[in-house]
Amino acid sequence: MSALPFDSYPLRPAGYAAALGRTVIVIPHPDDEALGCGGLLALLRQAGQEVAAVLVSDGTMSHPHSQEFSPAARRELRYAELRHALAVLGVDENNVLYLGLPDSQVPSEGPAFEKAASRLADFLVQQRAATVLTPWRRDPHPDHRATSQLTAAALSRLPQPPRRLEYVVWAWERAAPADLPQPGEATGFRLDIAAVLPQKQRAIAAHRSQLAPGTITDDPSGFLLSADMLAHFAQPTEAFIEASAP
């Protein structure tokens, strides 16, 4: 693959985070918050900005063949890891909306989608969000794309929607040219997170079930984050994308 555009985005200082105000992060799966935005979340909290989280999926499909961990046990394990990671980042671990949509099958239309979009819209109003963080609209995972669509649907319900910033997870590894921002579609920036990078790494480490050797050991086909994937999130910057003005 040719060089990705994210690495060439202009760099903004850590202090820029304070300008984003009250923030809600919308998360497809537990660990996406730490991977894509862990530095920004830590900087927001250092600046005294309130942060809340919305977890879209139930997180049960990373190890679907485990017999030791039932689907309910996997869900509770992943939820606990998310709360731990948020606490590491200084985010209130109790200020989370769990939408509970099926992992690997997050809908992008239909009654469940519409109900979730309404719940998300209500939560954004309740939190008085100035900024919402959501996955890049063509991040190469179906649940991430569905989460982006869900966020867009929720924002369309609000008379004064918050600012929408999109973060990158799987596009670092899997993006085809058509998945990347196209000319005139969006602008991006990198945020300097060097001061909180150790904190971000601890938040990633909180997701023990997703890191080798893992905590769910009876499903050899289960998902674990690769070393190559993790290397993208050990850098002192994070990339964010914002739709260009029409």
# chains A, B, ... in the order shown; residues from 1 in each chain; ligands from 1
call {"tool": "select_by_dssp", "arguments": {"residues": "range 25-238 of chain A", "states": "strand (DSSP E)", "output": "PyMOL selection string"}}
result
chain A and resi 25-27+51-57+96-101+131-135+163-167+186-192+237-238
call {"tool": "write_last_selection", "arguments": {"atoms": "N, CA and C atoms", "output": "CSV table (one decimal), in the first residue's frame"}}
result
chain,number,residue,atom,x,y,z
A,25,ILE,N,-17.5,9.8,23.2
A,25,ILE,CA,-16.9,8.9,22.3
A,25,ILE,C,-17.8,7.8,22.0
A,26,VAL,N,-18.0,7.5,20.7
A,26,VAL,CA,-18.8,6.3,20.3
A,26,VAL,C,-17.9,5.2,19.9
A,27,ILE,N,-18.0,4.0,20.5
A,27,ILE,CA,-17.0,3.0,20.4
A,27,ILE,C,-17.7,1.7,19.8
A,51,VAL,N,-16.0,13.8,29.8
A,51,VAL,CA,-16.0,12.8,28.7
A,51,VAL,C,-17.0,11.7,29.1
A,52,ALA,N,-17.8,11.3,28.2
A,52,ALA,CA,-18.7,10.1,28.3
A,52,ALA,C,-18.5,9.2,27.1
A,53,ALA,N,-19.0,8.0,27.3
A,53,ALA,CA,-18.7,6.9,26.3
A,53,ALA,C,-20.0,6.2,25.9
A,54,VAL,N,-20.1,5.8,24.7
A,54,VAL,CA,-21.2,4.9,24.2
A,54,VAL,C,-20.5,3.7,23.6
A,55,LEU,N,-20.9,2.5,24.1
A,55,LEU,CA,-20.4,1.3,23.5
A,55,LEU,C,-21.5,0.7,22.7
A,56,VAL,N,-21.2,0.5,21.4
A,56,VAL,CA,-22.2,0.1,20.5
A,56,VAL,C,-22.5,-1.4,20.5
A,57,SER,N,-21.4,-2.2,20.4
A,57,SER,CA,-21.6,-3.7,20.3
A,57,SER,C,-21.4,-4.3,21.7
A,96,VAL,N,-21.2,5.5,30.9
A,96,VAL,CA,-21.2,4.7,29.7
A,96,VAL,C,-22.6,4.3,29.3
A,97,LEU,N,-23.0,4.5,28.1
A,97,LEU,CA,-24.2,4.0,27.5
A,97,LEU,C,-23.9,2.8,26.8
A,98,TYR,N,-24.5,1.6,27.2
A,98,TYR,CA,-24.3,0.3,26.5
A,98,TYR,C,-25.5,0.1,25.6
A,99,LEU,N,-25.2,0.1,24.3
A,99,LEU,CA,-26.3,-0.1,23.3
A,99,LEU,C,-26.6,-1.6,23.1
A,100,GLY,N,-25.6,-2.5,23.3
A,100,GLY,CA,-25.8,-3.9,23.3
A,100,GLY,C,-26.1,-4.5,22.0
A,101,LEU,N,-25.7,-3.9,20.9
A,101,LEU,CA,-26.0,-4.5,19.6
A,101,LEU,C,-25.0,-5.6,19.3
A,131,THR,N,-18.6,17.9,21.3
A,131,THR,CA,-17.8,17.1,20.3
A,131,THR,C,-18.2,15.7,20.4
A,132,VAL,N,-18.4,15.0,19.3
A,132,VAL,CA,-18.6,13.5,19.3
A,132,VAL,C,-17.5,12.9,18.5
A,133,LEU,N,-16.9,11.8,19.1
A,133,LEU,CA,-15.8,11.1,18.4
A,133,LEU,C,-16.4,9.8,17.9
A,134,THR,N,-16.2,9.4,16.7
A,134,THR,CA,-16.8,8.2,16.1
A,134,THR,C,-15.8,7.7,15.1
A,135,PRO,N,-15.8,6.4,14.7
A,135,PRO,CA,-14.9,5.8,13.8
A,135,PRO,C,-14.9,6.5,12.4
A,163,ARG,N,-19.9,19.0,17.2
A,163,ARG,CA,-18.9,18.7,16.2
A,163,ARG,C,-18.6,17.2,16.1
A,164,ARG,N,-18.3,16.7,14.9
A,164,ARG,CA,-18.0,15.3,14.7
A,164,ARG,C,-16.6,15.2,14.2
A,165,LEU,N,-15.8,14.4,15.0
A,165,LEU,CA,-14.4,14.1,14.6
A,165,LEU,C,-14.4,12.6,14.5
A,166,GLU,N,-13.7,12.1,13.5
A,166,GLU,CA,-13.6,10.7,13.2
A,166,GLU,C,-12.2,10.2,13.4
A,167,TYR,N,-12.1,9.1,14.1
A,167,TYR,CA,-10.8,8.5,14.5
A,167,TYR,C,-10.5,7.2,13.7
A,186,ALA,N,-12.8,15.7,3.2
A,186,ALA,CA,-12.5,15.9,4.6
A,186,ALA,C,-11.2,16.5,4.8
A,187,THR,N,-11.0,17.0,6.0
A,187,THR,CA,-9.6,17.5,6.4
A,187,THR,C,-9.2,16.8,7.6
A,188,GLY,N,-7.9,16.7,7.9
A,188,GLY,CA,-7.5,16.0,9.1
A,188,GLY,C,-6.4,16.7,9.8
A,189,PHE,N,-6.1,16.2,11.0
A,189,PHE,CA,-5.0,16.7,11.8
A,189,PHE,C,-4.5,15.6,12.7
A,190,ARG,N,-3.2,15.7,13.1
A,190,ARG,CA,-2.7,14.9,14.1
A,190,ARG,C,-2.6,15.6,15.4
A,191,LEU,N,-2.8,14.9,16.5
A,191,LEU,CA,-2.7,15.5,17.8
A,191,LEU,C,-1.5,15.0,18.5
A,192,ASP,N,-0.7,15.9,19.1
A,192,ASP,CA,0.5,15.5,19.9
A,192,ASP,C,0.0,14.9,21.2
A,237,THR,N,1.4,10.4,18.3
A,237,THR,CA,0.3,11.2,17.7
A,237,THR,C,-0.9,10.3,17.5
A,238,GLU,N,-2.1,11.0,17.4
A,238,GLU,CA,-3.3,10.4,16.9
A,238,GLU,C,-3.9,11.2,15.8
call {"tool": "closest_atom_pairs", "arguments": {"of": "range 119-213 of chain A", "to": "range 32-48 of chain A", "cutoff": "8 Å", "atoms": "only C-alpha atoms", "output": "CSV"}}
result
residue,atom,partner,partner_atom,distance
A:Tyr167,CA,A:Gly36,CA,5.8
A:Val168,CA,A:Gly36,CA,5.7
A:Val169,CA,A:Gly36,CA,5.5
A:Leu191,CA,A:Leu40,CA,7.6
A:Ile193,CA,A:Gly39,CA,5.3
A:Val196,CA,A:Gly39,CA,5.9
A:Leu197,CA,A:Gly39,CA,6.3
A:Gln199,CA,A:Ala42,CA,7.5
A:Lys200,CA,A:Gly38,CA,5.0
A:Gln201,CA,A:Ala34,CA,8.0
A:Ala203,CA,A:Ala34,CA,5.8
A:Ile204,CA,A:Ala34,CA,5.4
call {"tool": "write_last_selection", "arguments": {"atoms": "N, CA and C atoms", "output": "short mmCIF file (atom, residue, chain, number, x, y, z; two decimals), in the first residue's frame"}}
result
data_model
loop_
_atom_site.label_atom_id
_atom_site.label_comp_id
_atom_site.auth_asym_id
_atom_site.auth_seq_id
_atom_site.Cartn_x
_atom_site.Cartn_y
_atom_site.Cartn_z
N TYR A 167 -12.11 9.05 14.11
CA TYR A 167 -10.80 8.49 14.46
C TYR A 167 -10.55 7.21 13.66
N VAL A 168 -9.29 6.81 13.63
CA VAL A 168 -8.84 5.74 12.74
C VAL A 168 -8.42 4.54 13.59
N VAL A 169 -8.91 3.36 13.23
CA VAL A 169 -8.46 2.12 13.87
C VAL A 169 -7.96 1.16 12.79
N LEU A 191 -2.80 14.91 16.47
CA LEU A 191 -2.72 15.51 17.80
C LEU A 191 -1.50 14.96 18.52
N ILE A 193 0.22 13.56 21.38
CA ILE A 193 -0.18 12.89 22.62
C ILE A 193 1.04 12.35 23.37
N VAL A 196 0.97 11.90 27.16
CA VAL A 196 0.05 10.92 27.76
C VAL A 196 0.16 9.55 27.10
N LEU A 197 1.20 9.37 26.27
CA LEU A 197 1.33 8.08 25.59
C LEU A 197 1.45 6.91 26.58
N GLN A 199 0.06 6.62 29.42
CA GLN A 199 -1.30 6.41 29.92
C GLN A 199 -2.14 5.66 28.88
N LYS A 200 -2.00 6.05 27.61
CA LYS A 200 -2.71 5.36 26.55
C LYS A 200 -2.29 3.89 26.48
N GLN A 201 -1.01 3.63 26.61
CA GLN A 201 -0.55 2.25 26.55
C GLN A 201 -1.10 1.42 27.71
N ALA A 203 -3.99 1.95 29.07
CA ALA A 203 -5.40 1.73 28.74
C ALA A 203 -5.55 0.59 27.75
N ILE A 204 -4.67 0.54 26.74
CA ILE A 204 -4.70 -0.58 25.80
C ILE A 204 -4.46 -1.89 26.54
#
call {"tool": "closest_residue", "arguments": {"among": "A:Ala178, A:Leu224, A:Ala231, A:Leu82", "to": "Ser209 in chain A", "atoms": "only C-alpha atoms"}}
result
A:Leu224
call {"tool": "closest_residue", "arguments": {"among": "A:Lys115, A:Arg145, A:Arg157, A:Arg138", "to": "Ala171 in chain A", "atoms": "only C-alpha atoms"}}
result
A:Arg138
call {"tool": "residues_around", "arguments": {"residues": "Ala121 in chain A", "least_positions_apart": "2", "cutoff": "8 Å", "atoms": "only C-alpha atoms", "output": "MDAnalysis selection string"}}
result
chainID A and resid 117:119 123:125 154:155 157:158
